[in-house]
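Just below is one structure, and these are the notes that go with it.
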Amino acid sequence: MTPLANALACLIALGCALFLWRKGSSPYRNGALLAGFLLLFGVFTYFGGEMFDARSINLSLEMYPFRMMALCLCLSTTSLALYRRRYLVLAQALWFWVELFGGIALFYRGLDVAWTRILAIFWMGFCSTFLSKISKEMEFCLMVFWLAVWVFF
Amino acid sequence: MGMNRRDFIKSCSLVAMMGLLGACRKIPLDKIAGEPSLKQFQDEVRLAMSQTKKMLDLVKVSKPGPLRIPGASSVNRFGMAIDLDLCDGCGECILACNLENNVPLVTAEEAQKGHFMHWMELRGGSPLMCAHCGNAPCEKVCPTGAASHTPDGLSTMMYKRCTGSRFCGANCPIKARKFNFNDAQKMGLARKFNNEVPLREKGVMEKCSLCLHRLQNDRLQFKTLSAEEWRGRGVTTACSDACKRRAIIFGNWLDEKSPLVREKLPT
Amino acid sequence: MFRYLMAVGLVLFLPGLYALGLSLYDGPSAWMVDSQTFWGTPISLFVFWIGLAHAGTLLSAVFVALDIKLDRRTALIAELSTLSSLVFAAIYPLMHLGVIENFYMVAPFADARGNFANVRSPLVWDFCCIAVYALLSLLFFVTHLKARKTPSLEKYRKPMAWLLFPLVLWVHTIVSLDFATTFVPEWRGAFFPVYFIAGAIFSGLALVNLILCTEGYRVRLLERLQLICSWFMCAIWIWDFMLKGSFCTSAFVFAGLFPQLRMVSVIRENKWGRVALSLSVLLGLFLERLYLVSPEFGSSATATFGWVDLGLLMFSVGGFMLVFFGARRLLDRYAESAGSYFGEVDGSDMAKAEEAEEAEREGFRGIEKTKKGFYIQPWSSEEYRQLRFPLLLGVVVTALFTLWIFEQQSFENVELSFANVIPLWYPLFAFMAALTLFVRAYFVEKSFVLHRAEKIIGGALLLCLGACAGAFFAGGASEKPVEQFVRDMDAVSGVHAEDLNRVAMVWNARCATCHGTDGRFNEKFVREYYPVPQKLDLARLDSLGVDSLVRVVWNGRNNMNSYAGRLTLDEARGLVLYMRHLAQKVPEEETEGKK
């Protein structure tokens with residue numbers, strides 16, 4: 001997957017995150033949106049990444065739509081009205097989960113585990129539990145961190 | 001109902017008692033069937049060869065170097081090469097392997113379906129057996145550790161430690177492993193042609209061992225009588241012995257005097 | 001009502017029991033010889049029932065942890081369904097083994113001979129996770145029941161819920177890694193953890209909704225979640241299709257399309273309509289797992305879903321009905337009235353509950369507001385104070401365990417990495433933490449009251465566990481019937497005691513790994529075994545005499561197995577004489593000095 005496609009992926013995730021958890025939205029709307037986004041991310045990965053090259057499937061892209069979804073959920077929690085910190089931590093835990101166990105599965109198929117990425121996400125999640133008030137600046141910081149981890153790690 | 005409750009219960013229990021007594025005849029559960037003949041083994045190999053199996057895609061690999069696991073021997077790594085141009089698909093190797101390793105027969109239905117216990121198979125006219133992978137997928141997933149790797153480069157199988165989870169067989173990319181679905185000894189499908197190799201019980205996995213017993217015997221003898229380092233020179237596997245066209249070459253990748261290294265293999 | 005369901009369960013269970021018996025007797029050939037992947041229906045059923053077990057914990061533990069309001073009765077029913085599902089989920093991995101009596105070798109636990117389970121294998125992770133999950137679920141359920149009588153136990157529910165919450169997800173993730181770590185083309189997928197968890201939640205919700213229909217009420221929140229999950233599963237199935245090109249149509253129809261009919265109010269309001277929806281979801285997800293684990297059902301023409309497979313399915317369904325409804329009736333019978341154990345039904349919607357909470361929070365300003373949920377630092381919350389010491393203990397034990405694994409002799413030739421061991425961390429951690437909580441509740445605070453019957457059962461279970469641990473440590477015997485070996489030995493030319501070279505080879509083959517070849521015998525491993533083997537020098541050998549030493553070789557002693565079936569008497573005698581020959585080579589000064 002080219003770095004450009006990678007960056008485009010996180011922009012798409014950011015764009016999708018704007019639509020989730022709006023005020024007064026029903027769980028149906030949110031659920032359908034989330035499922036739809038997953039589908040969108042899947043289609044994007046299929047056409048955007050080099051999935052089928054040189055007769056073999058690029059293994060690391062197998063969990064890419066799910067990583068995008070986890071990132072999208074993380075980004076979306078910054079706009080929640082209630083229980084923001086709790087769901088922030090949970091969303092980061094989801095991202096950590098996808099990365100860790102996806103990494104272990106790929107480790108058995110020959111790829112190296114991206115330890116730095118996993119540790120970065122874990123550390124951010126852990127530190128998020130110490131936040132007491134998430135100001136606008138803190139929200140922005142968090143989003144920047146996540147996008148940085150996505151693009152650089 | 002014509003009879004009252006008491007009589008009904010009486011007659012029911014009487015029937016039950018008679019049934020139990022009838023079932024008490026001695027059922028010969030542990031009767032061991034007779035031994036199969038050599039001809040049966042030969043016929044089965046012929047049947048296996050008649051069923052064509054597609055060969056896997058061939059890929060080019062470089063000559064193996066030393067094994068890359070902790071504690072690997074730096075002087076011994078046993079392996080095998082098969083010259084596909086020389087091989088004419090006669091199947092003598094399969095029969096020799098079966099007799100050497102006491103590989104059991106299978107029932108007629110399984111034979112029809114093509115599920116044999118042969119450690120070596122002919123696929124697309126060329127023999128295929130366990131590749132003794134340096135980073136074996138089967139060894140990684142065996143839950144009890146029955147599938148392990150020797151420092152000499154053999155992928156070994158401890159039958160007594162096997163619990164029959166069949167995870168190794170599922171994970172083998174070339175499907176070289178066989179599972180003992182039947183109790184071969186009880187069903188008269190196994191015969192101990194070779195006393196050096198144990199008969200496997202029902203429920204354990206087995207596969208090509210690169211004639212480990214021959215290697216072990218040679219090692220013992222060599223180490224008892226001499227203080228030099230053992231390189232496994234002169235040891236051959238049953239299949240390489242049987243091949244009339246010398247297409248199967250067994251040897252030691254790290255020994256410059258081994259036929260594997262000496263003969264000009266196309267790189 | 002429950003009686004009739006139990007009767008139906010019995011009708012399904014008995015033929016299933018027969019199928020199970022046949023499978024145990026015949027072994028794996030009873031249900032599959034045609035398999036492409038060596039795993040068949042039992043593993044599909046295992047994954048299915050483990051998934052169903054998760055919903056119970058999700059609804060009880062997770063909702064408790066996240067402060068989502070669910071009435072007590074639904075939570076207890078969910079927990080009970082978890083326990084009933086786990087019983088059957090645990091049976092299948094055991095029955096599918098080729099050599100069932102070796103099942104204990106999968107446990108990462110010490111062995112007298114130095115063997116250790118291969119911790120790189122996902123099946124070992126499975127074993128640990130499911131064992132710990134079953135234990136913690138049971139503990140959580142019992143705590144919940146007892147909390148009614150002893151309110152001081154209430155403070156343990158949330159910490160335990162926080163322990164169970166990740167454990168539930170961890171267990172199903174490990175189950176998914178059983179497949180995702182392999183090279184089987186149909187099982188490719190680094191996304192399997194999320195996929196399986198979504199499927200587990202989906203099927204579990206369907207099961208709980210089904211059970212609630214038998215109870216006679218409904219919880220709309222759960223039905224809504226069921227519908228939302230179906231959308232998720234469709235998205236995941238489409239991704240799976242894009243990746244592999246295979247699509248399980250029957251699963252899509254039953255678990256993807258039919259649940260959408262919930263939007264039709266006629267079906268939704270009718271009890272039988274809801275039952276049909278839930279059953280459709282369960283059937284669809286079962287088929288999906290069946291086709292995933294056994295791809296030959298879809299591709300090969302000869303592989304058929306035989307009557308043994310059907311019997312195994314019926315065994316679990318019928319058995320679940322028996323166990324669940326039986327336990328339900330038992331709990332009803334021991335309560336004063338039907339409601340008191342299980343609590344009243346709360347028909348509130350999720351939206352209404354949130355509104356009520358908001359109203360509460362707007363109402364009170366000041367300190368009370370900050371005491372609710374996550375508004376305070378999680379590290380100063382009540383749950384964390386309960387969990388501080390257990391967590392520390394858990395971390396320490398897990399670290400020690402990891403070190404212990406890495407230094408095992410079995411892994412000398414193996415490249416062990418952290419990725420192999422991480423899946424074992426959380427179950428062990430959660431187990432130690434829960435154990436500490438239990439010890440604190442039972443012994444220290446004495447708030448976990450056990451009736452005498454429960455104490456007896458608990459004691460008996462502990463004794464069984466100890467006995468099993470001892471048996472696992474000792475390991476099985478390695479001999480076959482002596483007659484078989486004697487027959488084999490007679491065929492091989494015997495070794496004569498006088499033939500030193502031949503005897504030397506037998507010594508090198510059998511005895512040298514422990515006793516060495518330099519004549520110092522037991523000194524090599526004197527620190528590694530207990531009881532400590534005695535020192536054998538020439539004088540000691542002579543005083544013991546050839547006959548008694550031959551007897552030791554023949555019958556075994558302490559950690560040395562008996563060689564009765566594996567050597568002829570002649571060879572044993574030759575070995576003892578050879579020992580004397582080796583002992584003579586040890587320099588005189590050494591033996592003098594040690595005297």
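Going through the structure tokens in order, the chains are called A, B, and so on, while each chain numbers its residues from 1 and the ligands are numbered from 1 in the order shown.
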
Could you list the residues in chain C lying within 9 Å of chain A, using only C-alpha atoms, and format the result as number ranges by chain? C: 66, 173-174, 177, 179-183, 188-194, 224-225, 227-229, 231-236, 238-239, 242-243, 351, 373-379, 419-420, 423

The selected residues should be written to file as a tab-separated table (two decimals), in the first residue's frame (atoms: N, CA and C atoms).
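Final output, saved to again.tsv:
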```tsv
chain	number	residue	atom	x	y	z
C	66	LEU	N	-19.96	-1.33	32.06
C	66	LEU	CA	-20.19	-0.06	31.37
C	66	LEU	C	-21.40	0.69	31.91
C	173	THR	N	-11.14	-14.35	20.75
C	173	THR	CA	-10.03	-13.98	19.88
C	173	THR	C	-9.07	-15.16	19.74
C	174	ILE	N	-8.78	-15.83	20.85
C	174	ILE	CA	-7.88	-16.98	20.78
C	174	ILE	C	-8.50	-18.07	19.91
C	177	LEU	N	-7.90	-17.26	16.52
C	177	LEU	CA	-6.51	-17.44	16.14
C	177	LEU	C	-6.18	-18.90	15.86
C	179	PHE	N	-7.62	-20.50	13.83
C	179	PHE	CA	-7.74	-20.58	12.38
C	179	PHE	C	-6.85	-19.56	11.68
C	180	ALA	N	-6.76	-18.38	12.26
C	180	ALA	CA	-6.07	-17.31	11.54
C	180	ALA	C	-4.56	-17.51	11.47
C	181	THR	N	-4.01	-18.35	12.37
C	181	THR	CA	-2.56	-18.53	12.36
C	181	THR	C	-2.12	-19.63	11.41
C	182	THR	N	-3.06	-20.24	10.70
C	182	THR	CA	-2.68	-21.37	9.87
C	182	THR	C	-2.48	-20.96	8.41
C	183	PHE	N	-2.03	-21.93	7.62
C	183	PHE	CA	-1.85	-21.71	6.20
C	183	PHE	C	-3.00	-22.26	5.38
C	188	ARG	N	-7.66	-18.11	6.01
C	188	ARG	CA	-6.83	-16.91	5.97
C	188	ARG	C	-7.59	-15.74	6.53
C	189	GLY	N	-6.96	-14.94	7.34
C	189	GLY	CA	-7.65	-13.72	7.78
C	189	GLY	C	-7.07	-13.16	9.06
C	190	ALA	N	-6.30	-12.07	8.94
C	190	ALA	CA	-5.81	-11.43	10.15
C	190	ALA	C	-6.94	-10.69	10.84
C	191	PHE	N	-8.08	-10.57	10.16
C	191	PHE	CA	-9.22	-9.86	10.75
C	191	PHE	C	-10.14	-10.81	11.52
C	192	PHE	N	-9.75	-12.08	11.60
C	192	PHE	CA	-10.62	-13.06	12.24
C	192	PHE	C	-11.01	-12.71	13.67
C	193	PRO	N	-10.12	-12.13	14.49
C	193	PRO	CA	-10.56	-11.81	15.86
C	193	PRO	C	-11.83	-10.98	15.88
C	194	VAL	N	-11.86	-9.89	15.10
C	194	VAL	CA	-13.06	-9.05	15.12
C	194	VAL	C	-14.24	-9.80	14.51
C	224	ARG	N	-32.77	-5.00	19.19
C	224	ARG	CA	-32.18	-3.99	18.31
C	224	ARG	C	-30.73	-4.30	18.01
C	225	LEU	N	-30.01	-4.69	19.10
C	225	LEU	CA	-28.59	-5.02	18.91
C	225	LEU	C	-28.44	-6.19	17.94
C	227	LEU	N	-30.30	-6.90	15.40
C	227	LEU	CA	-30.45	-6.42	14.02
C	227	LEU	C	-29.19	-5.69	13.57
C	228	ILE	N	-28.64	-4.84	14.47
C	228	ILE	CA	-27.44	-4.08	14.10
C	228	ILE	C	-26.28	-5.02	13.84
C	229	CYS	N	-26.18	-6.08	14.66
C	229	CYS	CA	-25.10	-7.05	14.44
C	229	CYS	C	-25.21	-7.70	13.08
C	231	TRP	N	-26.13	-6.42	10.36
C	231	TRP	CA	-25.54	-5.54	9.35
C	231	TRP	C	-24.02	-5.64	9.36
C	232	PHE	N	-23.48	-5.68	10.56
C	232	PHE	CA	-22.03	-5.82	10.70
C	232	PHE	C	-21.52	-7.08	10.04
C	233	MET	N	-22.23	-8.18	10.32
C	233	MET	CA	-21.79	-9.47	9.78
C	233	MET	C	-21.83	-9.43	8.26
C	234	CYS	N	-22.84	-8.80	7.71
C	234	CYS	CA	-22.90	-8.73	6.25
C	234	CYS	C	-21.69	-7.98	5.70
C	235	ALA	N	-21.34	-6.87	6.37
C	235	ALA	CA	-20.17	-6.12	5.89
C	235	ALA	C	-18.92	-6.99	5.97
C	236	ILE	N	-18.78	-7.74	7.07
C	236	ILE	CA	-17.58	-8.57	7.22
C	236	ILE	C	-17.59	-9.69	6.18
C	238	ILE	N	-18.85	-9.63	3.26
C	238	ILE	CA	-18.50	-9.08	1.95
C	238	ILE	C	-16.99	-8.87	1.85
C	239	TRP	N	-16.37	-8.42	2.95
C	239	TRP	CA	-14.91	-8.27	2.93
C	239	TRP	C	-14.24	-9.62	2.76
C	242	MET	N	-14.40	-10.56	-0.77
C	242	MET	CA	-13.44	-9.83	-1.60
C	242	MET	C	-12.05	-10.40	-1.45
C	243	LEU	N	-11.75	-10.89	-0.24
C	243	LEU	CA	-10.42	-11.40	0.03
C	243	LEU	C	-10.22	-12.79	-0.55
C	351	ALA	N	-33.05	4.12	25.78
C	351	ALA	CA	-33.16	5.58	25.70
C	351	ALA	C	-33.75	6.14	26.97
C	373	GLY	N	-19.96	6.55	37.69
C	373	GLY	CA	-19.27	6.03	36.52
C	373	GLY	C	-17.88	6.58	36.29
C	374	PHE	N	-17.59	6.99	35.07
C	374	PHE	CA	-16.26	7.36	34.67
C	374	PHE	C	-15.92	8.83	34.89
C	375	TYR	N	-16.83	9.55	35.52
C	375	TYR	CA	-16.54	10.98	35.69
C	375	TYR	C	-15.39	11.20	36.64
C	376	ILE	N	-15.12	10.18	37.45
C	376	ILE	CA	-13.93	10.28	38.29
C	376	ILE	C	-12.83	9.51	37.59
C	377	GLN	N	-11.62	9.76	38.03
C	377	GLN	CA	-10.50	9.02	37.46
C	377	GLN	C	-10.74	7.53	37.66
C	378	PRO	N	-10.54	6.73	36.63
C	378	PRO	CA	-10.71	5.29	36.83
C	378	PRO	C	-9.76	4.76	37.88
C	379	TRP	N	-8.64	5.45	38.06
C	379	TRP	CA	-7.69	4.96	39.03
C	379	TRP	C	-8.04	5.36	40.45
C	419	ALA	N	5.34	-12.97	20.92
C	419	ALA	CA	4.05	-13.16	20.23
C	419	ALA	C	3.48	-14.54	20.51
C	420	ASN	N	4.34	-15.49	20.88
C	420	ASN	CA	3.83	-16.82	21.19
C	420	ASN	C	3.23	-16.88	22.58
C	423	PRO	N	-0.69	-14.41	24.26
C	423	PRO	CA	-2.07	-14.87	24.46
C	423	PRO	C	-2.31	-15.58	25.77
```

Residues of chain B that have any atom at most 6 Å from an atom of chain C: could you tabulate them with the shortest-distance atom pair and the distance in Å to one decimal, using only C-alpha atoms, ordered by chain and increasing number, as JSON lines?
```
{"residue": "B:Ile69", "atom": "CA", "partner": "C:Asn413", "partner_atom": "CA", "distance": 5.9}
{"residue": "B:Pro70", "atom": "CA", "partner": "C:Asn413", "partner_atom": "CA", "distance": 4.9}
{"residue": "B:Gly71", "atom": "CA", "partner": "C:Asn413", "partner_atom": "CA", "distance": 5.5}
{"residue": "B:Lys140", "atom": "CA", "partner": "C:Arg120", "partner_atom": "CA", "distance": 5.8}
{"residue": "B:Val141", "atom": "CA", "partner": "C:Ser121", "partner_atom": "CA", "distance": 4.1}
{"residue": "B:Cys142", "atom": "CA", "partner": "C:Ser121", "partner_atom": "CA", "distance": 5.8}
{"residue": "B:Pro143", "atom": "CA", "partner": "C:Ser121", "partner_atom": "CA", "distance": 5.1}
{"residue": "B:Thr144", "atom": "CA", "partner": "C:Ala117", "partner_atom": "CA", "distance": 4.5}
{"residue": "B:Gly145", "atom": "CA", "partner": "C:Asn118", "partner_atom": "CA", "distance": 4.8}
{"residue": "B:Thr163", "atom": "CA", "partner": "C:Val99", "partner_atom": "CA", "distance": 4.8}
{"residue": "B:Gly164", "atom": "CA", "partner": "C:Gly98", "partner_atom": "CA", "distance": 3.9}
{"residue": "B:Ser165", "atom": "CA", "partner": "C:Leu97", "partner_atom": "CA", "distance": 5.0}
{"residue": "B:Ala170", "atom": "CA", "partner": "C:Thr37", "partner_atom": "CA", "distance": 4.9}
{"residue": "B:Asn171", "atom": "CA", "partner": "C:Thr182", "partner_atom": "CA", "distance": 5.5}
{"residue": "B:Phe181", "atom": "CA", "partner": "C:Ser29", "partner_atom": "CA", "distance": 5.4}
{"residue": "B:Gly203", "atom": "CA", "partner": "C:Gly98", "partner_atom": "CA", "distance": 3.8}
```

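By only C-alpha atoms, and with residues fewer than 3 positions from segment 16-22 of chain A along its chain excluded, the set lying at most 6 Å from it is Ala13, Ser25, Asn30, Cys72 and Ser76 of chain A.
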
Could you work out how far atom CA of Arg157 of chain C lies from atom CA of Phe389 of chain C, giving the answer in Å with one decimal?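 Answer for the atom CA of Phe389 of chain C to atom CA of Arg157 of chain C separation: 16.4 Å.
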
From the options B:Gly188, B:Pro173, B:Pro104, B:Gly134, which residue's atoms come nearest to Phe41 of chain B, counting only C-alpha atoms?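 Among the listed residues, the smallest separation from Phe41 of chain B belongs to B:Pro104.
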
Could you list, as a ChimeraX atom specification, every residue within 8 Å of Leu67 of chain B, counting only C-alpha atoms and ignoring same-chain residues fewer than 6 positions away? /B:73-74,77,134,151-153

Extract, using only C-alpha atoms, all DNA, RNA and protein residues at most 8 Å from Tyr159 of chain B, discarding same-chain residues fewer than 3 positions from it, and format them as JSON, numbers by chain. {"B": [146, 162, 200, 204, 205, 206]}

Keeping only C-alpha atoms, write the selected residues to a file as a compact mmCIF listing (two decimals), in the first residue's frame.
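Listing of again.txt after writing:
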```txt
# COMPACT_ATOMS: atom_id res chain seq x y z
CA ALA B 146 4.93 -34.02 19.76
CA CYS B 162 0.60 -37.06 20.25
CA ARG B 200 1.59 -46.52 15.59
CA VAL B 204 -1.75 -40.38 16.15
CA MET B 205 -0.32 -38.52 13.19
CA GLU B 206 2.61 -39.84 11.22
```

Taking 3 positions as the minimum chain separation for residues in the same chain, which residues sit within 9 Å of Arg328 of chain C when counting only C-alpha atoms? Answer as a list in words. Phe2, Ile77, Leu80, Val323, Phe324, Phe325, Leu331, Asp332 and Arg333 of chain C

Write to file, as a PDB file, in the first residue's frame, the residues of the selection just made, with N, CA, C and O atoms.
```pdb
ATOM      1  N   PHE C   2     -41.234 -24.974  31.288  1.00  0.00           N
ATOM      2  CA  PHE C   2     -39.861 -25.449  31.261  1.00  0.00           C
ATOM      3  C   PHE C   2     -39.814 -26.965  31.191  1.00  0.00           C
ATOM      4  O   PHE C   2     -38.905 -27.544  30.603  1.00  0.00           O
ATOM      5  N   ILE C  77     -30.200 -14.757  33.741  1.00  0.00           N
ATOM      6  CA  ILE C  77     -30.482 -15.754  32.708  1.00  0.00           C
ATOM      7  C   ILE C  77     -29.328 -15.833  31.723  1.00  0.00           C
ATOM      8  O   ILE C  77     -28.911 -16.918  31.297  1.00  0.00           O
ATOM      9  N   LEU C  80     -26.518 -17.752  33.238  1.00  0.00           N
ATOM     10  CA  LEU C  80     -26.813 -19.184  33.268  1.00  0.00           C
ATOM     11  C   LEU C  80     -26.637 -19.803  31.889  1.00  0.00           C
ATOM     12  O   LEU C  80     -26.121 -20.920  31.747  1.00  0.00           O
ATOM     13  N   VAL C 323     -29.833 -28.886  30.468  1.00  0.00           N
ATOM     14  CA  VAL C 323     -29.037 -28.256  31.527  1.00  0.00           C
ATOM     15  C   VAL C 323     -29.611 -26.903  31.892  1.00  0.00           C
ATOM     16  O   VAL C 323     -29.813 -26.581  33.069  1.00  0.00           O
ATOM     17  N   PHE C 324     -29.895 -26.090  30.883  1.00  0.00           N
ATOM     18  CA  PHE C 324     -30.341 -24.729  31.168  1.00  0.00           C
ATOM     19  C   PHE C 324     -31.691 -24.715  31.861  1.00  0.00           C
ATOM     20  O   PHE C 324     -31.858 -24.106  32.924  1.00  0.00           O
ATOM     21  N   PHE C 325     -32.656 -25.405  31.265  1.00  0.00           N
ATOM     22  CA  PHE C 325     -33.992 -25.337  31.863  1.00  0.00           C
ATOM     23  C   PHE C 325     -34.042 -26.106  33.161  1.00  0.00           C
ATOM     24  O   PHE C 325     -34.813 -25.771  34.066  1.00  0.00           O
ATOM     25  N   LEU C 331     -33.401 -23.382  40.317  1.00  0.00           N
ATOM     26  CA  LEU C 331     -33.281 -22.092  40.994  1.00  0.00           C
ATOM     27  C   LEU C 331     -34.641 -21.557  41.384  1.00  0.00           C
ATOM     28  O   LEU C 331     -34.802 -20.932  42.422  1.00  0.00           O
ATOM     29  N   ASP C 332     -35.639 -21.812  40.523  1.00  0.00           N
ATOM     30  CA  ASP C 332     -36.989 -21.368  40.866  1.00  0.00           C
ATOM     31  C   ASP C 332     -37.484 -22.043  42.111  1.00  0.00           C
ATOM     32  O   ASP C 332     -38.098 -21.440  42.983  1.00  0.00           O
ATOM     33  N   ARG C 333     -37.183 -23.376  42.157  1.00  0.00           N
ATOM     34  CA  ARG C 333     -37.755 -24.154  43.252  1.00  0.00           C
ATOM     35  C   ARG C 333     -37.205 -23.714  44.594  1.00  0.00           C
ATOM     36  O   ARG C 333     -37.862 -23.756  45.607  1.00  0.00           O
TER      37      ARG C 333
END
```

Extract, using only C-alpha atoms, all DNA, RNA and protein residues at most 7 Å from Gln92 of chain A, discarding same-chain residues fewer than 2 positions from it, and format them as a PDB file with N, CA, C and O atoms, in the first residue's frame.
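Result file result31.pdb:
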```
ATOM      1  N   CYS A  74     -12.068   5.801  16.968  1.00  0.00           N
ATOM      2  CA  CYS A  74     -11.273   6.647  17.874  1.00  0.00           C
ATOM      3  C   CYS A  74     -11.526   8.113  17.589  1.00  0.00           C
ATOM      4  O   CYS A  74     -11.797   8.900  18.492  1.00  0.00           O
ATOM      5  N   LEU A  88     -13.491   6.820  24.631  1.00  0.00           N
ATOM      6  CA  LEU A  88     -12.183   7.094  24.041  1.00  0.00           C
ATOM      7  C   LEU A  88     -11.235   5.947  24.341  1.00  0.00           C
ATOM      8  O   LEU A  88     -10.565   5.404  23.464  1.00  0.00           O
ATOM      9  N   VAL A  89     -11.200   5.578  25.642  1.00  0.00           N
ATOM     10  CA  VAL A  89     -10.306   4.496  26.042  1.00  0.00           C
ATOM     11  C   VAL A  89     -10.730   3.197  25.380  1.00  0.00           C
ATOM     12  O   VAL A  89      -9.903   2.419  24.894  1.00  0.00           O
ATOM     13  N   LEU A  90     -12.038   2.949  25.314  1.00  0.00           N
ATOM     14  CA  LEU A  90     -12.498   1.706  24.707  1.00  0.00           C
ATOM     15  C   LEU A  90     -12.173   1.652  23.221  1.00  0.00           C
ATOM     16  O   LEU A  90     -11.794   0.604  22.697  1.00  0.00           O
ATOM     17  N   LEU A  94      -9.934  -1.020  21.281  1.00  0.00           N
ATOM     18  CA  LEU A  94     -10.313  -1.780  20.081  1.00  0.00           C
ATOM     19  C   LEU A  94      -9.209  -1.736  19.048  1.00  0.00           C
ATOM     20  O   LEU A  94      -8.845  -2.758  18.459  1.00  0.00           O
ATOM     21  N   TRP A  95      -8.642  -0.557  18.847  1.00  0.00           N
ATOM     22  CA  TRP A  95      -7.573  -0.425  17.866  1.00  0.00           C
ATOM     23  C   TRP A  95      -6.375  -1.272  18.289  1.00  0.00           C
ATOM     24  O   TRP A  95      -5.788  -1.999  17.482  1.00  0.00           O
ATOM     25  N   PHE A  96      -6.042  -1.202  19.571  1.00  0.00           N
ATOM     26  CA  PHE A  96      -4.956  -2.015  20.108  1.00  0.00           C
ATOM     27  C   PHE A  96      -5.231  -3.494  19.864  1.00  0.00           C
ATOM     28  O   PHE A  96      -4.357  -4.258  19.458  1.00  0.00           O
ATOM     29  N   ILE A 121      -0.001   2.617  20.514  1.00  0.00           N
ATOM     30  CA  ILE A 121      -1.443   2.684  20.744  1.00  0.00           C
ATOM     31  C   ILE A 121      -1.765   2.333  22.186  1.00  0.00           C
ATOM     32  O   ILE A 121      -2.601   2.975  22.840  1.00  0.00           O
ATOM     33  N   GLY A 125      -3.563   4.816  24.884  1.00  0.00           N
ATOM     34  CA  GLY A 125      -4.786   4.399  25.555  1.00  0.00           C
ATOM     35  C   GLY A 125      -4.631   4.459  27.066  1.00  0.00           C
ATOM     36  O   GLY A 125      -5.509   4.926  27.789  1.00  0.00           O
TER      37      GLY A 125
END
```

Just the alpha helix (DSSP H) stuff from segment 21-118 of chain B, please, per backbone DSSP, written as number ranges by chain. B: 21-23, 38-50, 92-100, 108-113
